[in-house]
Structures are given as C-alpha cells and as structure tokens.
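The next block is query.tsv, given as TSV, C-alpha atoms and all ligand atoms.
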chain	number	residue	atom	x	y	z
A	269	MET	CA	-59.31	203.99	156.62
A	270	TYR	CA	-55.74	203.82	157.70
A	271	GLY	CA	-55.21	202.89	161.33
A	272	LEU	CA	-53.82	206.36	161.89
A	273	VAL	CA	-57.43	207.58	161.88
A	274	ASN	CA	-58.57	205.09	164.53
A	275	LYS	CA	-55.50	205.93	166.60
A	276	ALA	CA	-56.46	209.60	166.41
A	277	VAL	CA	-59.98	208.72	167.67
A	278	GLN	CA	-58.37	206.78	170.51
A	279	ASP	CA	-56.01	209.65	171.35
A	280	LEU	CA	-58.87	212.15	171.40
A	281	ILE	CA	-60.92	210.02	173.81
A	282	VAL	CA	-58.01	209.04	176.07
A	283	THR	CA	-56.63	212.58	176.40
A	284	GLN	CA	-59.98	214.38	176.79
A	285	PHE	CA	-62.05	211.80	178.68
A	286	GLY	CA	-59.67	209.16	180.08
A	287	GLN	CA	-58.56	205.60	179.47
A	288	ASP	CA	-61.68	204.09	181.10
A	289	LYS	CA	-63.97	205.81	178.61
A	290	TRP	CA	-61.86	204.48	175.74
A	291	GLU	CA	-62.18	200.93	177.08
A	292	ALA	CA	-65.96	201.44	177.35
A	293	VAL	CA	-66.14	202.78	173.78
A	294	LYS	CA	-64.23	199.80	172.37
A	295	GLU	CA	-66.42	197.41	174.35
A	296	LYS	CA	-69.65	199.03	173.14
A	297	ALA	CA	-68.36	199.13	169.56
A	298	GLY	CA	-67.55	195.42	169.85
A	299	ILE	CA	-64.02	196.01	168.70
A	300	ASP	CA	-61.48	193.58	169.95
A	301	ILE	CA	-58.32	195.19	168.62
A	302	ASP	CA	-55.68	196.03	171.22
A	303	THR	CA	-53.56	198.39	169.15
A	304	PHE	CA	-54.39	199.88	165.80
A	305	LEU	CA	-51.49	199.94	163.35
A	306	SER	CA	-51.10	203.33	161.65
A	307	MET	CA	-50.00	201.84	158.34
A	308	LYS	CA	-52.66	199.16	158.10
A	309	SER	CA	-55.89	199.84	156.25
A	310	TYR	CA	-59.00	198.93	158.31
A	311	PRO	CA	-62.62	198.73	157.17
A	312	ASP	CA	-64.45	202.08	157.50
A	313	ASP	CA	-67.09	200.25	159.62
A	314	ILE	CA	-64.62	200.17	162.47
A	315	THR	CA	-64.24	203.94	162.50
A	316	TYR	CA	-67.99	204.52	162.21
A	317	SER	CA	-68.64	202.06	165.06
A	318	LEU	CA	-66.11	203.83	167.27
A	319	VAL	CA	-67.77	207.18	166.60
A	320	GLY	CA	-71.25	205.78	167.31
A	321	ALA	CA	-70.12	204.08	170.51
A	322	ALA	CA	-68.25	207.21	171.63
A	323	ALA	CA	-71.42	209.26	171.17
A	324	GLU	CA	-73.32	206.88	173.47
A	325	VAL	CA	-70.62	206.52	176.10
A	326	LEU	CA	-69.83	210.24	176.25
A	327	ASP	CA	-73.46	211.34	175.84
A	328	LEU	CA	-72.71	213.47	172.78
A	329	THR	CA	-74.28	213.47	169.34
A	330	PRO	CA	-72.35	211.57	166.65
A	331	ALA	CA	-71.94	214.91	164.86
A	332	ARG	CA	-70.24	216.41	167.94
A	333	VAL	CA	-67.88	213.42	168.13
A	334	LEU	CA	-67.01	213.79	164.44
A	335	GLU	CA	-66.40	217.49	164.87
A	336	ALA	CA	-64.17	216.95	167.91
A	337	PHE	CA	-62.30	214.32	165.95
A	338	GLY	CA	-61.75	216.68	163.03
A	339	GLU	CA	-60.42	219.35	165.34
A	340	HIS	CA	-58.03	216.87	166.94
A	341	TRP	CA	-56.73	215.49	163.62
A	342	THR	CA	-54.23	218.21	162.62
A	343	LEU	CA	-52.88	218.33	166.18
A	344	TYR	CA	-52.55	214.56	166.28
A	345	THR	CA	-50.94	214.11	162.85
A	346	ALA	CA	-48.51	216.96	163.58
A	347	LYS	CA	-47.23	215.13	166.65
A	348	GLU	CA	-47.30	211.66	165.03
A	349	GLY	CA	-44.71	212.33	162.34
A	350	TYR	CA	-46.68	214.30	159.77
A	351	GLY	CA	-45.55	217.74	160.91
A	352	GLU	CA	-43.39	218.19	157.86
A	353	LEU	CA	-46.16	217.12	155.49
A	354	LEU	CA	-48.43	219.70	157.11
A	355	GLU	CA	-45.75	222.39	156.95
A	356	MET	CA	-45.15	221.75	153.26
A	357	SER	CA	-48.83	222.18	152.56
A	358	GLY	CA	-49.18	225.86	153.31
A	359	SER	CA	-48.42	228.70	155.65
A	360	SER	CA	-51.89	230.20	155.79
A	361	PHE	CA	-55.41	228.86	156.27
A	362	VAL	CA	-56.49	229.34	152.66
A	363	GLU	CA	-53.20	228.22	151.15
A	364	PHE	CA	-53.45	224.98	153.11
A	365	LEU	CA	-56.99	224.35	151.83
A	366	GLN	CA	-55.83	224.98	148.27
A	367	ASN	CA	-53.09	222.36	148.71
A	368	LEU	CA	-55.14	219.66	150.43
A	369	ASP	CA	-55.70	217.59	147.29
A	370	ASN	CA	-51.93	217.68	146.63
A	371	LEU	CA	-51.28	216.61	150.18
A	372	HIS	CA	-53.47	213.55	149.67
A	373	VAL	CA	-51.76	212.77	146.35
A	374	ARG	CA	-48.44	212.83	148.16
A	375	VAL	CA	-49.67	210.51	150.93
A	376	ALA	CA	-51.31	208.16	148.41
A	377	LEU	CA	-47.97	207.72	146.58
A	378	SER	CA	-46.67	205.83	149.58
A	379	PHE	CA	-49.97	204.43	150.87
A	380	PRO	CA	-51.98	203.22	147.90
A	381	GLU	CA	-54.99	202.11	149.91
A	382	LEU	CA	-55.72	205.73	150.81
A	383	GLU	CA	-59.18	206.73	149.58
A	384	PRO	CA	-58.89	210.48	149.91
A	385	PRO	CA	-61.76	212.90	149.63
A	386	SER	CA	-61.38	215.95	147.41
A	387	PHE	CA	-61.38	219.53	148.66
A	388	ARG	CA	-61.70	222.20	145.96
A	389	CYS	CA	-61.65	225.93	146.56
A	390	SER	CA	-63.59	228.51	144.56
A	391	ASP	CA	-64.60	232.14	145.01
A	392	VAL	CA	-61.46	232.93	146.99
A	393	THR	CA	-61.30	236.46	148.38
A	394	GLU	CA	-59.13	238.18	150.99
A	395	ASN	CA	-61.30	236.77	153.78
A	396	SER	CA	-63.56	234.10	152.36
A	397	VAL	CA	-63.48	230.88	150.38
A	398	ARG	CA	-66.06	228.42	149.11
A	399	LEU	CA	-64.94	224.84	149.82
A	400	HIS	CA	-66.29	221.94	147.77
A	401	TYR	CA	-65.95	218.66	149.65
A	402	GLU	CA	-66.41	215.41	147.77
A	403	SER	CA	-66.04	212.04	149.41
A	404	HIS	CA	-67.22	208.52	148.78
A	405	ARG	CA	-67.80	208.28	152.53
A	406	GLU	CA	-71.18	209.23	153.99
A	407	GLY	CA	-72.02	211.60	156.80
A	408	LEU	CA	-68.64	213.17	157.45
A	409	ALA	CA	-69.52	216.85	156.90
A	410	PRO	CA	-69.38	217.51	160.69
A	411	MET	CA	-65.84	216.11	160.65
A	412	VAL	CA	-64.91	218.64	157.97
A	413	VAL	CA	-66.25	221.45	160.19
A	414	GLY	CA	-63.90	220.23	162.93
A	415	LEU	CA	-60.99	219.93	160.49
A	416	LEU	CA	-61.54	223.55	159.44
A	417	LYS	CA	-61.69	224.71	163.08
A	418	GLY	CA	-58.48	222.81	163.80
A	419	LEU	CA	-56.79	224.44	160.82
A	420	GLY	CA	-58.00	227.82	162.07
A	421	LYS	CA	-56.20	227.15	165.35
A	422	ARG	CA	-53.07	226.02	163.54
A	423	PHE	CA	-52.92	229.31	161.61
A	424	ASP	CA	-54.20	231.67	164.35
A	425	THR	CA	-57.17	232.35	162.16
A	426	THR	CA	-60.75	232.90	163.26
A	427	VAL	CA	-63.11	230.95	161.03
A	428	ASP	CA	-66.84	231.12	160.53
A	429	ILE	CA	-68.27	228.15	158.64
A	430	SER	CA	-71.64	227.64	157.04
A	431	LEU	CA	-72.78	224.56	155.17
A	432	GLU	CA	-74.42	226.04	152.09
A	433	ALA	CA	-75.33	222.90	150.19
A	434	SER	CA	-75.24	219.29	151.27
A	435	LYS	CA	-75.50	215.79	149.91
A	436	ASP	CA	-78.19	215.13	152.52
A	437	GLN	CA	-80.35	217.68	150.70
A	438	GLY	CA	-79.74	216.13	147.33
A	439	HIS	CA	-76.82	218.27	146.17
A	440	THR	CA	-73.98	216.46	144.38
A	441	HIS	CA	-71.54	217.31	147.16
A	442	ASP	CA	-71.13	219.37	150.34
A	443	GLU	CA	-70.27	223.02	149.98
A	444	PHE	CA	-69.03	225.25	152.79
A	445	LEU	CA	-68.77	229.03	152.77
A	446	ILE	CA	-65.93	229.99	155.08
A	447	ARG	CA	-65.14	233.49	156.31
A	448	PHE	CA	-61.76	233.79	157.93
A	449	GLU	CA	-59.58	236.40	159.56
A	450	LYS	CA	-55.97	236.07	160.65
A	451	ARG	CA	-55.51	237.16	164.27
A	452	THR	CA	-52.61	239.53	164.84
A	501	LIG	O1	-58.59	206.73	153.15
A	501	LIG	C1	-57.97	206.99	154.20
A	501	LIG	O2	-57.39	206.10	154.89
A	501	LIG	C2	-57.89	208.41	154.67
A	501	LIG	C3	-57.36	208.67	155.92
A	501	LIG	C4	-57.26	210.00	156.35
A	501	LIG	C5	-58.31	209.44	153.87
A	501	LIG	C6	-58.20	210.76	154.31
A	501	LIG	C7	-57.65	211.02	155.55
A	501	LIG	C8	-57.48	212.44	156.05
A	501	LIG	N1	-58.75	213.15	156.22
A	501	LIG	C9	-59.62	212.46	157.19
A	501	LIG	C10	-61.05	212.71	156.89
A	501	LIG	C11	-61.48	211.91	155.68
A	501	LIG	C12	-62.90	212.25	155.32
A	501	LIG	C13	-63.35	211.53	154.07
A	501	LIG	O3	-62.79	210.49	153.69
A	501	LIG	O4	-64.32	212.03	153.47
A	501	LIG	C14	-58.52	214.55	156.71
A	501	LIG	C15	-58.06	215.48	155.59
A	501	LIG	C16	-57.66	216.86	156.09
A	501	LIG	C17	-58.58	217.92	156.04
A	501	LIG	C18	-58.24	219.18	156.53
A	501	LIG	C19	-56.97	219.38	157.06
A	501	LIG	C20	-56.04	218.33	157.12
A	501	LIG	C21	-56.39	217.09	156.62
A	501	LIG	O5	-55.54	216.03	156.66
A	501	LIG	C22	-54.12	216.15	156.63
A	501	LIG	C23	-53.60	214.75	156.56
A	501	LIG	C24	-54.15	213.86	155.63
A	501	LIG	C25	-53.71	212.53	155.58
A	501	LIG	C26	-52.72	212.09	156.44
A	501	LIG	C27	-52.16	212.97	157.36
A	501	LIG	C28	-52.60	214.31	157.42
A	501	LIG	C29	-52.34	210.69	156.40
A	501	LIG	C30	-51.02	210.31	156.54
A	501	LIG	C31	-50.71	208.95	156.55
A	501	LIG	C32	-51.70	207.97	156.41
A	501	LIG	C33	-53.02	208.37	156.28
A	501	LIG	C34	-53.34	209.72	156.26
A	501	LIG	O6	-51.50	206.63	156.45
A	501	LIG	C35	-50.41	206.13	157.05
A	501	LIG	C36	-50.06	206.44	158.37
A	501	LIG	C37	-48.91	205.95	158.93
A	501	LIG	C38	-48.13	205.11	158.20
A	501	LIG	C39	-48.49	204.79	156.91
A	501	LIG	C40	-49.65	205.30	156.35
For this file, write the structure as structure tokens.
Ligand code: 1MF
Amino acid sequence: MYGLVNKAVQDLIVTQFGQDKWEAVKEKAGIDIDTFLSMKSYPDDITYSLVGAAAEVLDLTPARVLEAFGEHWTLYTAKEGYGELLEMSGSSFVEFLQNLDNLHVRVALSFPELEPPSFRCSDVTENSVRLHYESHREGLAPMVVGLLKGLGKRFDTTVDISLEASKDQGHTHDEFLIRFEKRT
C-alpha cells in the first residue's frame, strides 16, 4: 500500500500513545524504515506487521488496532492534503459511500500502483444502506468498521454497523448493514 497508509498508522500511534510506543512498534515489527514516503508503494506485509506489532505493544486486539486506524484515516487524509478530494466525494454519509469507488478511480489516475477495494451500495433508504466491500486484501473488515465510524464523525451522523455476511464465513465478500441518522 502507499506509504500514506503507513504514515497514518504512525500518526495514530504517535498522537494517541506517544513516540516511545511507535519506536517499540517499529522495533517489534522489525521495520527499519525511518520515514515512510507517502507516494511510494510498500509491500502490504509492512502494514500488516505494523498492525500486529501495535496490537502486542499496546495490548489491544489486531481488530481494535485496525478499527482505530480506520477511524483515524479520514481525519489524517483530510489534514495531509486530501481535504479537497474528500470534499468532492460527498456532503453526506451515504453520498460519500456511493462515491467511494469514484474517489479511488480518481486517485488511481495519478497513482497507478493503487490497488483499491470496491465499495458498492444497495438497498439505500432514508436511514440505512447495505454496503458491499470487496478487496483482494485479507482481514480488513474491522478497518472498514472504523472507516465508517470516522465518516460518521465527519458528517455528524450516528452510525450503527452490523456485519451481515463475511468472507471468513465463506461468503464471496463482506456485507455491512448500516443504519444512520444525521444529528441536528
Ligand atoms: O492500494 C493502496 O495503496 C490503497 C491505499 C489506501 C488502497 C486504498 C486506500 C484507502 N482505503 C484504505 C483501506 C484499504 C482496504 C483494502 O484495501 O481493502 C480507505 C478507503 C476509504 C473508505 C472509507 C472512507 C474513506 C476512504 O478513503 C478515502 C481516501 C482513499 C485513498 C486516498 C485518500 C483518501 C489516497 C490518496 C493518495 C494515495 C493513496 C490513497 O497515495 C498517494 C499519497 C500521496 C502521494 C501520492 C500518492
């Protein structure tokens, strides 16, 4: 994944737990990279190792780390120069979800090594949506939960998420049923 992702992991750990914990995570992950470059594509192994090491160092489950990462992502990308990209992609929770595949197409035009997942919406109502998440990467459903919670915060929207079908259980892809309500 692009270095931007590893930088977001780093930012999450440094801001919420401190620089020392980040050094410990890198050490445990056996990663000897001083600064990740946003625009460089790194092997996915590096990201998975960071998440695994963070879980050990911070005494959390890997799923919790992934979820925290997902929640941090929209905040982090907004402040790292992608605010406009995010703004272009929707002004409500559900509109943003419906535009996510387009967002990734736009990013991939400039950064061809992007391997984006796909997010498809179905059964959209006033206050619910079924989200179909397809990725060639394994085990990232908890990250998607965090991404959805982060988006909820971005749009002042309360979200309730349930994983209704998962690849782990033999389904072709992960499917989330999301109920949402804009706070006034
Ligand atoms: O393949 C990749 O490198 C990659 C990196 C990030 C693919 C996808 C993403 C974004 N995605 C992360 C979880 C991926 C899970 C998976 O692969 O199954 C989060 C998608 C998302 C979901 C909900 C709400 C917002 C989301 O993301 C918004 C977004 C998406 C991509 C970027 C920024 C915001 C982005 C921008 C530039 C990138 C990479 C991603 O690369 C750069 C960075 C700096 C300079 C040059 C290129």
Could you check the closest approach to ligand LIG 501 (chain A) for each of A:Tyr344, A:Phe304, A:Phe379, A:Phe448 and tell me which residue wins, using only C-alpha atoms and all ligand atoms?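 Between A:Tyr344, A:Phe304, A:Phe379, A:Phe448, the residue approaching ligand LIG 501 (chain A) most closely is A:Phe379.
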So, counting only C-alpha atoms and all ligand atoms, which residue among A:Glu406, A:Asp312, A:Glu394, A:Glu383 is closest to ligand LIG 501 (chain A)?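 Between A:Glu406, A:Asp312, A:Glu394, A:Glu383, the residue approaching ligand LIG 501 (chain A) most closely is A:Glu383.
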Nearby residues (only C-alpha atoms) at most 12 Å from Glu348 (chain A), same-chain spacing under 2 positions excluded, as a PDB file with C-alpha atoms, in the coordinates of the input:
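Result went into around_29.pdb, see below:
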ATOM      1  CA  LEU A 272     -53.820 206.360 161.890  1.00  0.00           C
ATOM      2  CA  VAL A 273     -57.430 207.580 161.880  1.00  0.00           C
ATOM      3  CA  LYS A 275     -55.500 205.930 166.600  1.00  0.00           C
ATOM      4  CA  ALA A 276     -56.460 209.600 166.410  1.00  0.00           C
ATOM      5  CA  ASP A 279     -56.010 209.650 171.350  1.00  0.00           C
ATOM      6  CA  SER A 306     -51.100 203.330 161.650  1.00  0.00           C
ATOM      7  CA  TRP A 341     -56.730 215.490 163.620  1.00  0.00           C
ATOM      8  CA  THR A 342     -54.230 218.210 162.620  1.00  0.00           C
ATOM      9  CA  LEU A 343     -52.880 218.330 166.180  1.00  0.00           C
ATOM     10  CA  TYR A 344     -52.550 214.560 166.280  1.00  0.00           C
ATOM     11  CA  THR A 345     -50.940 214.110 162.850  1.00  0.00           C
ATOM     12  CA  ALA A 346     -48.510 216.960 163.580  1.00  0.00           C
ATOM     13  CA  TYR A 350     -46.680 214.300 159.770  1.00  0.00           C
ATOM     14  CA  GLY A 351     -45.550 217.740 160.910  1.00  0.00           C
ATOM     15  CA  GLU A 352     -43.390 218.190 157.860  1.00  0.00           C
ATOM     16  CA  LEU A 353     -46.160 217.120 155.490  1.00  0.00           C
ATOM     17  CA  LEU A 354     -48.430 219.700 157.110  1.00  0.00           C
TER      18      LEU A 354
END
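Shortest atom-to-atom contact with ligand LIG 501 (chain A) among A:Ser434, A:Gln284, A:Ser403, A:Ser378: A:Ser403, counting only C-alpha atoms and all ligand atoms.
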Can you tell me, as an mmCIF file with C-alpha atoms, keeping the file's coordinate frame, what residues are no more than 6 Å from region 408-411 of chain A when counting all atoms listed in the file, ignoring any on the same chain fewer than 6 positions away?
data_model
loop_
_atom_site.group_PDB
_atom_site.id
_atom_site.type_symbol
_atom_site.label_atom_id
_atom_site.label_comp_id
_atom_site.auth_asym_id
_atom_site.auth_seq_id
_atom_site.Cartn_x
_atom_site.Cartn_y
_atom_site.Cartn_z
ATOM 1 C CA ALA A 331 -71.940 214.910 164.860
ATOM 2 C CA LEU A 334 -67.010 213.790 164.440
ATOM 3 C CA GLU A 335 -66.400 217.490 164.870
ATOM 4 C CA GLY A 338 -61.750 216.680 163.030
#
Contact residues around Ile299 (chain A) with only C-alpha atoms at 12 Å, ignoring same-chain residues under 2 positions, as a PyMOL selection string: chain A and resi 274+290-297+301-304+310-311+313-319+321
Completed region 348-369 of chain A (N, CA, C and O atoms) as a PDB file, in the frame of the given file:
ATOM      1  N   GLU A 348     -47.569 213.066 165.368  1.00  0.00           N
ATOM      2  CA  GLU A 348     -47.300 211.660 165.030  1.00  0.00           C
ATOM      3  C   GLU A 348     -46.428 211.501 163.786  1.00  0.00           C
ATOM      4  O   GLU A 348     -46.489 210.470 163.111  1.00  0.00           O
ATOM      5  N   GLY A 349     -45.667 212.501 163.434  1.00  0.00           N
ATOM      6  CA  GLY A 349     -44.710 212.330 162.340  1.00  0.00           C
ATOM      7  C   GLY A 349     -45.112 212.970 161.024  1.00  0.00           C
ATOM      8  O   GLY A 349     -44.403 212.840 160.038  1.00  0.00           O
ATOM      9  N   TYR A 350     -46.254 213.670 161.012  1.00  0.00           N
ATOM     10  CA  TYR A 350     -46.680 214.300 159.770  1.00  0.00           C
ATOM     11  C   TYR A 350     -46.544 215.820 159.805  1.00  0.00           C
ATOM     12  O   TYR A 350     -47.097 216.529 158.965  1.00  0.00           O
ATOM     13  N   GLY A 351     -45.756 216.297 160.778  1.00  0.00           N
ATOM     14  CA  GLY A 351     -45.550 217.740 160.910  1.00  0.00           C
ATOM     15  C   GLY A 351     -44.991 218.359 159.650  1.00  0.00           C
ATOM     16  O   GLY A 351     -45.427 219.427 159.218  1.00  0.00           O
ATOM     17  N   GLU A 352     -44.038 217.650 159.051  1.00  0.00           N
ATOM     18  CA  GLU A 352     -43.390 218.190 157.860  1.00  0.00           C
ATOM     19  C   GLU A 352     -44.361 218.237 156.671  1.00  0.00           C
ATOM     20  O   GLU A 352     -44.406 219.211 155.926  1.00  0.00           O
ATOM     21  N   LEU A 353     -45.138 217.164 156.548  1.00  0.00           N
ATOM     22  CA  LEU A 353     -46.160 217.120 155.490  1.00  0.00           C
ATOM     23  C   LEU A 353     -47.118 218.301 155.637  1.00  0.00           C
ATOM     24  O   LEU A 353     -47.484 218.955 154.651  1.00  0.00           O
ATOM     25  N   LEU A 354     -47.508 218.582 156.876  1.00  0.00           N
ATOM     26  CA  LEU A 354     -48.430 219.700 157.110  1.00  0.00           C
ATOM     27  C   LEU A 354     -47.738 221.024 156.793  1.00  0.00           C
ATOM     28  O   LEU A 354     -48.335 221.909 156.179  1.00  0.00           O
ATOM     29  N   GLU A 355     -46.480 221.133 157.196  1.00  0.00           N
ATOM     30  CA  GLU A 355     -45.750 222.390 156.950  1.00  0.00           C
ATOM     31  C   GLU A 355     -45.572 222.681 155.465  1.00  0.00           C
ATOM     32  O   GLU A 355     -45.675 223.817 155.021  1.00  0.00           O
ATOM     33  N   MET A 356     -45.316 221.602 154.712  1.00  0.00           N
ATOM     34  CA  MET A 356     -45.150 221.750 153.260  1.00  0.00           C
ATOM     35  C   MET A 356     -46.420 222.200 152.568  1.00  0.00           C
ATOM     36  O   MET A 356     -46.390 222.637 151.415  1.00  0.00           O
ATOM     37  N   SER A 357     -47.549 222.018 153.243  1.00  0.00           N
ATOM     38  CA  SER A 357     -48.830 222.180 152.560  1.00  0.00           C
ATOM     39  C   SER A 357     -49.433 223.570 152.691  1.00  0.00           C
ATOM     40  O   SER A 357     -50.560 223.798 152.248  1.00  0.00           O
ATOM     41  N   GLY A 358     -48.685 224.492 153.281  1.00  0.00           N
ATOM     42  CA  GLY A 358     -49.180 225.860 153.310  1.00  0.00           C
ATOM     43  C   GLY A 358     -48.852 226.590 154.586  1.00  0.00           C
ATOM     44  O   GLY A 358     -48.694 225.965 155.631  1.00  0.00           O
ATOM     45  N   SER A 359     -48.744 227.901 154.469  1.00  0.00           N
ATOM     46  CA  SER A 359     -48.420 228.700 155.650  1.00  0.00           C
ATOM     47  C   SER A 359     -49.553 229.664 155.999  1.00  0.00           C
ATOM     48  O   SER A 359     -49.404 230.545 156.815  1.00  0.00           O
ATOM     49  N   SER A 360     -50.697 229.461 155.376  1.00  0.00           N
ATOM     50  CA  SER A 360     -51.890 230.200 155.790  1.00  0.00           C
ATOM     51  C   SER A 360     -53.091 229.268 155.644  1.00  0.00           C
ATOM     52  O   SER A 360     -53.023 228.231 154.965  1.00  0.00           O
ATOM     53  N   PHE A 361     -54.186 229.656 156.288  1.00  0.00           N
ATOM     54  CA  PHE A 361     -55.410 228.860 156.270  1.00  0.00           C
ATOM     55  C   PHE A 361     -55.846 228.533 154.830  1.00  0.00           C
ATOM     56  O   PHE A 361     -56.028 227.367 154.466  1.00  0.00           O
ATOM     57  N   VAL A 362     -55.934 229.572 154.002  1.00  0.00           N
ATOM     58  CA  VAL A 362     -56.490 229.340 152.660  1.00  0.00           C
ATOM     59  C   VAL A 362     -55.489 228.616 151.759  1.00  0.00           C
ATOM     60  O   VAL A 362     -55.868 227.754 150.958  1.00  0.00           O
ATOM     61  N   GLU A 363     -54.210 228.909 151.946  1.00  0.00           N
ATOM     62  CA  GLU A 363     -53.200 228.220 151.150  1.00  0.00           C
ATOM     63  C   GLU A 363     -53.226 226.718 151.449  1.00  0.00           C
ATOM     64  O   GLU A 363     -53.129 225.881 150.546  1.00  0.00           O
ATOM     65  N   PHE A 364     -53.393 226.382 152.717  1.00  0.00           N
ATOM     66  CA  PHE A 364     -53.450 224.980 153.110  1.00  0.00           C
ATOM     67  C   PHE A 364     -54.644 224.279 152.448  1.00  0.00           C
ATOM     68  O   PHE A 364     -54.510 223.184 151.894  1.00  0.00           O
ATOM     69  N   LEU A 365     -55.789 224.949 152.463  1.00  0.00           N
ATOM     70  CA  LEU A 365     -56.990 224.350 151.830  1.00  0.00           C
ATOM     71  C   LEU A 365     -56.747 224.122 150.340  1.00  0.00           C
ATOM     72  O   LEU A 365     -57.142 223.095 149.786  1.00  0.00           O
ATOM     73  N   GLN A 366     -56.076 225.091 149.708  1.00  0.00           N
ATOM     74  CA  GLN A 366     -55.830 224.980 148.270  1.00  0.00           C
ATOM     75  C   GLN A 366     -54.857 223.838 147.949  1.00  0.00           C
ATOM     76  O   GLN A 366     -54.825 223.360 146.819  1.00  0.00           O
ATOM     77  N   ASN A 367     -54.069 223.431 148.932  1.00  0.00           N
ATOM     78  CA  ASN A 367     -53.090 222.360 148.710  1.00  0.00           C
ATOM     79  C   ASN A 367     -53.514 220.999 149.227  1.00  0.00           C
ATOM     80  O   ASN A 367     -52.763 220.025 149.133  1.00  0.00           O
ATOM     81  N   LEU A 368     -54.730 220.914 149.786  1.00  0.00           N
ATOM     82  CA  LEU A 368     -55.140 219.660 150.430  1.00  0.00           C
ATOM     83  C   LEU A 368     -55.180 218.473 149.462  1.00  0.00           C
ATOM     84  O   LEU A 368     -54.760 217.373 149.810  1.00  0.00           O
ATOM     85  N   ASP A 369     -55.658 218.698 148.240  1.00  0.00           N
ATOM     86  CA  ASP A 369     -55.700 217.590 147.290  1.00  0.00           C
ATOM     87  C   ASP A 369     -54.277 217.104 146.974  1.00  0.00           C
ATOM     88  O   ASP A 369     -54.029 215.901 146.872  1.00  0.00           O
TER      89      ASP A 369
END
